[in-house]
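Below is one structure, written out as C-alpha cells; comments come after it.
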Amino acid sequence: MATTRGGSGPDPGSRGLLLLSFSVVLAGLCGGNSVERKIYIPLNKTAPCVRLLNATHQIGCQSSISGDTGVIHVVEKEEDLKWVLTDGPNPPYMVLLEGKLFTRDVMEKLKGTTSRIAGLAVTLAKPNSTSSFSPSVQCPNDGFGIYSNSYGPEFAHCKKTLWNELGNGLAYEDFSFPIFLLEDENETKVIKQCYQDHNLGQNGSAPSFPLCAMQLFSHMHAVISTATCMRRSFIQSTFSINPEIVCDPLSDYNVWSMLKPINTSGGLEPDVRVVVAATRLDSRSFFWNVAPGAESAVASFVTQLAAAEALHKAPDVTTLSRNVMFVFFQGETFDYIGSSRMVYDMENGKFPVRLENIDSFVELGQVALRTSLDLWMHTDPMSQKNESVKNQVEDLLATLEKSGAGVPEVVLKRLAQSQALPPSSLQRFLRARNISGVVLADHSGSFHNRYYQSIYDTAENINVTYPEWQSPEEALNFVTDTAKALANVATVLARALYELAGGTNFSSSIQADPQTVTRLLYGFLVRANNSWFQSILKHDLRSYLDDRPLQHYIAVSSPTNTTYVVQYALANLTGKATNLTREQCQDPSKVPNESKDLYEYSWVQGPWNSNKTERLPQCVRSTVRLARALSPAFELSQWSSTEYSTWAESRWKDIQARIFLIASKELEFITLIVGFSILVFSLIVTYCINAKADVLFVAPREPGAVSY
Amino acid sequence: MTVPVFFGCAFIAFGPAFALYLFTIATDPLRVIFLIAGAFFWLVSLLLSSMFWFLVRVITDNRDESVQNYLLIFGALLSVCIQELFRLAYYKLLKKASEGLKSINPEEDIAPSMRLLAYVSGLGFGIMSGVFSFVNTLSNSLGPGTVGIHGDSPQFFLNSAFMTLVIIMLHVFWGVVFFDGCEKNKWYIL
C-alpha cells in the first residue's frame, strides 16, 4: 500500500476535493434533513376520508399501512379517465380529480379497477346555481326513526317522499383506496405543475421517468363493524398492559336549558308540563372534520338561539304555566345519537325532565331556504291515528298559526295530505311515547338543500355573503337578508313557544333581534375568531376559535368547539351577568340567593375595556347545561344494536400526503447491480493483492524504517 | 428511492472499504482495535468542529446570505484543519503505543509496523467519515421518492455514493502519506 510519491504531500487537487466534501458534509449535517427536503413536498392543507363503522358495515376509505403511492394523473374531463383505467403504462395511478367530476358514476368506475388506482385527491369545485352534490343517502337515518316495516310501512324507507332526492350515497360506501380533499388552491397548482413538467409524454405516448408521484397515508385500524372493533378494543383494554384501542364511539354533549330554572338534583313533578323546542347541532361531509353544515344545521340552531333570547326577554316569563326547554341535539346526523340518548335518559329517570312532563314538541328542521315566505309544518300521521293526540296536534298547529299571523314575512302552511315526518329528533321521541309535535321546515317535499351534508353547504349556500371591502368587525355586525329572514322565523318560534307555555299578554312584543342572528351566522359560518365570540367564552377556550368557520362534525373527543360555543352563546343570550367575583362564581354555594342546583355559573372573558388593554370578565348565571350524547348502545354494550345508533370512528396513527418524483424500476435495478459488482470486484481485487502482498510490497531497506 | 437503490448505493460507497476490512484488518485483533481508535479520533475531531460551527452560528444568528456563505467556507476549512490535527494526534499516540508495545514484547512479529498503522488509521478515518456523510442520504433513499422535484439531479444518490467511496479511499491514502511524512520528519508534506 506504499505510494510512489512518498515525498510530495497531498496536492491542491485532493485538498480542494476534501474542502468540497466537507462543505457538503457540513451543509448536510447543519440543514437538518435537507435531503428529505430535496425529495418530498408535503401537502399540509388536506382533509382525509376516514373509516366509520356501524353495527353491520364499515364506510369510508383505507390506505395501506405504509401509505399508497401512485403516479399522478390529472383528470379534468371524463375522457382522461381512460388513461387511468386502461391505457396508462405505469399503474398504479393517483388520480387528481376535479371537484365537479366527483360523482357516483366516476367513483363506480374507479372502485371497479382498484389494481390500477392507488388513491384519489379531489379538488374543491366552485358550485354554481344549477349544480348539486350530496354524498348523503336519499333516505337519511332510515330505520332509526319511527317508521319501520311494522309501524307505518307505507311511510317507511321514504316510500312516499324521498327527502334527499339529490343524494348519491357516496359517503356511505366503502373504498379500499385513500381519498383526500385538497383544500388549498396553491397546493393544487404545485401538483398540476409537477404533473405538467414530468408526467406528460409527447403526443399521447408514454412519459419518461422520473415521474411525479403522490403518496397518501391514512391507515385505519378498525375493520368490519362496530361490534368487531369494540370487542377487540375491549379485549385489549382488559388483558393488555398497553392497550391498543382501535375505534371510538361518536359522542359529544347535547346543550339544553330551561326557561324557568328547575332543580336538577331531583326530577320534575309529573304535573309540571314542559314545551320542548329542539334542533340539531351537527352535520357531516364525505371528508373528516369538514362539515360546514350551513343549511342543514347552523341556520336552524342559530334561529333557535335567537328565539331563546327573544323569549327570555318577555316580562311575565316567571309566571307562565308551563316551562319551556330549549335543547340542541348533537349527533343527529348519525342515526340520532343525541336524541336517542336523551329519550333513554328520560325513560330511566337520569334526566330531570321526564317523558310524562312533555306537553308538546316543536322542532326546527332546515329553515334557511324558504321559497316565497312559506314555512311548512310537518306532523306525524301515525301518532295522529289516536284521537286525543290528533286533537293535541290540531291545537298545536292552531297556536302556531295564530302566533305566525303577527309576522307577515313568514307564512305557516300545513301539508295538504298526510306525509311522513322528515328526519328529525321528534321521531325518536315518538318512538317512546305519542306526544304532539311539529317539525318546521322550509321544504314541503324533498329538501331544498342541494348540498345536504356536503363540503359545499357553506355560507354561500344560504346566501350569507359580505361585501369584500368590509373588515371583520364591520362584517360581524352587518345584517344580511338571510339574517333578517331567520330572525323572522325566530320571532314566530318564540311567540309560538310563549303561547304554548301559557302566555297571552305580551305575545306581540316578543321580537327576535336580527343583529344577534347575523353575529351568530358570521361566527359560525365565516370567521369564528371575532370579538363577540371571544367575549362570551371562558378564558381557556379562546384558542378553540380560529380565523376560519367552525366545523360541525360530532367527532370523538368532547365537547367539540361547536358545542362549547353554542353553550356559551345560549348562556350569554338567555342568562344574566351577575356581580359575583371569580371565586364566588366558581363556588356559589356560599353566596346567599345563588344555587348551583338551579343555575350554572361561568366566568367568561367579557369584552375589551375602552382602551383595549384588558378584558372585563364577568360571571354569567344561566340555566344552560350539557347532557351526555353517547348512544345507549354503548352504555348497554349492545354493539350490534339496530335499536340505537352504533356509529364509531376508527383510530389511526398517521395521516399525511406528499408528492415527489419516482425513478423507473430499471434504474433501480441497475443501481443495485452496479453496487453489487463493485462490491464483488473490490473483494476479488483485495483478496488477490492481499495474497500477493509480500511480492508486491517490497520496502526499501533503510535503517530505522520498519518494513511491512 | 427504494430498497434496491438503498442496497446498491450502500454497496457502492462501502463495498471496497468492507473488502479491505475483511481481508486485511479482520484477521488481526490488534488492527481492529487501531481501526476503531482511528474512527473514534475522527469522531472527536468532528465533534470539535461542530462545536465551533454551532458557536459561530449562535453568534452570527442567521444574518444575510453572503455572510452565511463565507461562514460555511470558513467552517469547512476549520474542520479540515481540526481533522488533520487529530490525525497528527493519533500519530503521536500510535508512536507512543508502538514504543510501549516494543518494550513489552521485544519480538517484532506481534507489533504492527508504522506503515501498517498508517494504513489502518487512514481506513478508520475514512470509514467513519464515509458513514457520517452518507448514512443520512442512504436512509432517505429507502423512501419511495427520488431527488428531483425542485430541479436537482435525479442521480443524487449515485453521485453521493461514488463521492463517499472516493473520500474513503482518499482518507486511506492521506493516512499513509501523512504518517510517512511524520516518520521521516518531512513536515512540508503535511
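Letters for chains follow the order of the C-alpha cells (A, B, ...), residue numbers begin at 1 for each chain, and ligand numbers begin at 1 in the order shown.
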Contacts of chain B with chain A up to 6 Å, shortest pair per row, only C-alpha atoms, as a Markdown table:
| residue | atom | partner | partner_atom | distance |
| --- | --- | --- | --- | --- |
| B:Pro4 | CA | A:Leu672 | CA | 5.3 |
| B:Val5 | CA | A:Glu668 | CA | 5.3 |
| B:Gly8 | CA | A:Leu672 | CA | 3.7 |
| B:Phe11 | CA | A:Gly675 | CA | 4.7 |
| B:Ile12 | CA | A:Gly675 | CA | 4.4 |
| B:Gly15 | CA | A:Leu679 | CA | 4.4 |
| B:Pro16 | CA | A:Ser682 | CA | 5.0 |
| B:Ala19 | CA | A:Leu683 | CA | 4.8 |
| B:Ala76 | CA | A:Ser23 | CA | 5.4 |
| B:Ser113 | CA | A:Val706 | CA | 5.9 |
| B:Ser133 | CA | A:Val25 | CA | 5.4 |
| B:Gly145 | CA | A:Ile662 | CA | 5.1 |
| B:Thr146 | CA | A:Ile662 | CA | 5.4 |
| B:Val147 | CA | A:Ile39 | CA | 4.5 |
| B:Ile149 | CA | A:Leu661 | CA | 5.9 |
| B:Ile189 | CA | A:Gly9 | CA | 4.0 |
| B:Leu190 | CA | A:Gly9 | CA | 5.9 |
DSSP alpha helix (DSSP H) residues within stretch 351-546 of chain A, as a PyMOL selection string: chain A and resi 387-405+426-432+472-476+481-500+514-525+531-536
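The residue set within 7 Å of B:Val176, counting only C-alpha atoms and dropping same-chain residues fewer than 6 places from it, reads Arg115, Ala118, Tyr119 and Gly122 of chain B.
What separates atom CA of A:Tyr544 from atom CA of A:Ser296 is a distance of 22.3 Å.
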Between atom CA of B:Leu123 and atom CA of B:His171 - distance in Å to one decimal: 6.5 Å
Contact residues around A:Leu181 with only C-alpha atoms at 10 Å, ignoring same-chain residues under 2 positions, as a ChimeraX atom specification: /A:45-49,96-97,99,120-124,179,183-184,286-288,290,455
Considering only C-alpha atoms, return as a short mmCIF file (atom, residue, chain, number, x, y, z; two decimals) with C-alpha atoms, in the first residue's frame whatever protein or nucleic-acid residues lie within 12 Å of stretch 317-319 of chain A, sequence-local ones (same chain, fewer than 3 positions apart) excluded.
data_model
loop_
_atom_site.label_atom_id
_atom_site.label_comp_id
_atom_site.auth_asym_id
_atom_site.auth_seq_id
_atom_site.Cartn_x
_atom_site.Cartn_y
_atom_site.Cartn_z
CA MET A 258 -84.91 25.79 30.73
CA LEU A 259 -86.88 29.00 30.54
CA LYS A 260 -87.67 28.86 34.27
CA PRO A 261 -84.92 27.28 36.36
CA ILE A 262 -85.57 23.82 37.72
CA ALA A 308 -84.47 31.69 23.14
CA ALA A 310 -86.38 36.75 22.47
CA LEU A 311 -88.47 34.56 24.76
CA HIS A 312 -86.33 35.27 27.80
CA LYS A 313 -86.97 38.96 27.34
CA ALA A 314 -90.74 38.55 27.80
CA ARG A 322 -95.69 25.66 31.55
CA ASN A 323 -91.94 25.61 31.32
CA VAL A 324 -90.01 25.68 28.04
CA LEU A 497 -93.47 28.89 22.43
CA TYR A 498 -94.77 31.73 24.57
CA GLU A 499 -98.35 30.89 23.73
CA ALA A 501 -96.33 27.84 27.56
CA GLY A 502 -99.50 29.63 28.54
CA GLY A 503 -98.57 33.24 27.92
CA THR A 504 -101.18 35.57 26.47
CA ASN A 505 -100.41 39.24 27.08
CA PHE A 506 -97.07 40.02 25.61
CA SER A 507 -97.03 37.84 22.52
CA ILE A 510 -91.63 39.27 21.51
CA THR A 574 -80.54 33.88 27.99
#
Polymer residues at most 9 Å from A:Phe634, only C-alpha atoms, same-chain spacing of 6 or more positions, as JSON, numbers by chain: {"A": [249, 645, 646]}
Let me see the file: selected residues, all heavy atoms, as an mmCIF file, in the first residue's frame.
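Now in selection-v2.cif:
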data_model
loop_
_atom_site.group_PDB
_atom_site.id
_atom_site.type_symbol
_atom_site.label_atom_id
_atom_site.label_comp_id
_atom_site.auth_asym_id
_atom_site.auth_seq_id
_atom_site.Cartn_x
_atom_site.Cartn_y
_atom_site.Cartn_z
ATOM 1 N N PRO A 249 -66.462 5.381 19.945
ATOM 2 C CA PRO A 249 -67.825 5.737 19.553
ATOM 3 C C PRO A 249 -67.935 7.235 19.319
ATOM 4 O O PRO A 249 -67.241 8.033 19.961
ATOM 5 C CB PRO A 249 -68.670 5.315 20.752
ATOM 6 C CG PRO A 249 -67.742 5.063 21.851
ATOM 7 C CD PRO A 249 -66.383 4.882 21.310
ATOM 8 N N SER A 645 -78.244 4.031 17.738
ATOM 9 C CA SER A 645 -77.127 4.314 16.834
ATOM 10 C C SER A 645 -75.862 3.635 17.322
ATOM 11 O O SER A 645 -75.579 3.609 18.516
ATOM 12 C CB SER A 645 -76.906 5.825 16.799
ATOM 13 O OG SER A 645 -75.637 6.106 16.302
ATOM 14 N N THR A 646 -75.095 3.048 16.403
ATOM 15 C CA THR A 646 -73.862 2.378 16.804
ATOM 16 C C THR A 646 -72.664 2.937 16.050
ATOM 17 O O THR A 646 -71.683 2.250 15.851
ATOM 18 C CB THR A 646 -73.949 0.869 16.518
ATOM 19 O OG1 THR A 646 -74.438 0.705 15.190
ATOM 20 C CG2 THR A 646 -74.840 0.171 17.493
#
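Between atom CA of B:His150 and atom CA of B:Ala13 there is a distance of 25.2 Å.
If you measure from each of A:Ala405, A:Ile224, A:Ile435, A:Val624 to A:Ser388 using only C-alpha atoms, the closest one turns out to be A:Ile435.
You can rank A:Met230, A:Leu182, A:Val517, A:Met346 by their closest distance to A:Gln638 using only C-alpha atoms, and at the top of that list sits A:Met230.
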Exercise: B:Phe157 partners within 10 Å, only C-alpha atoms, chain neighbours under 2 positions left out, as a PyMOL selection string: (chain A and resi 35+671) or (chain B and resi 1+5-6+8-10+134+137-138+140-141+146-147+153-155+159-163)
All strand (DSSP E or B) residues (DSSP, backbone) inside stretch 126-372 of chain A, as number ranges by chain: A: 134, 167, 174-175, 179-182, 211-220, 247-249, 251-258, 274-280, 323-329, 358-364
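Considering the residues B:Ile104, B:Ala39, B:Met114, B:Asn69 and counting only C-alpha atoms, B:Tyr91 has its shortest atom-to-atom contact with B:Met114.
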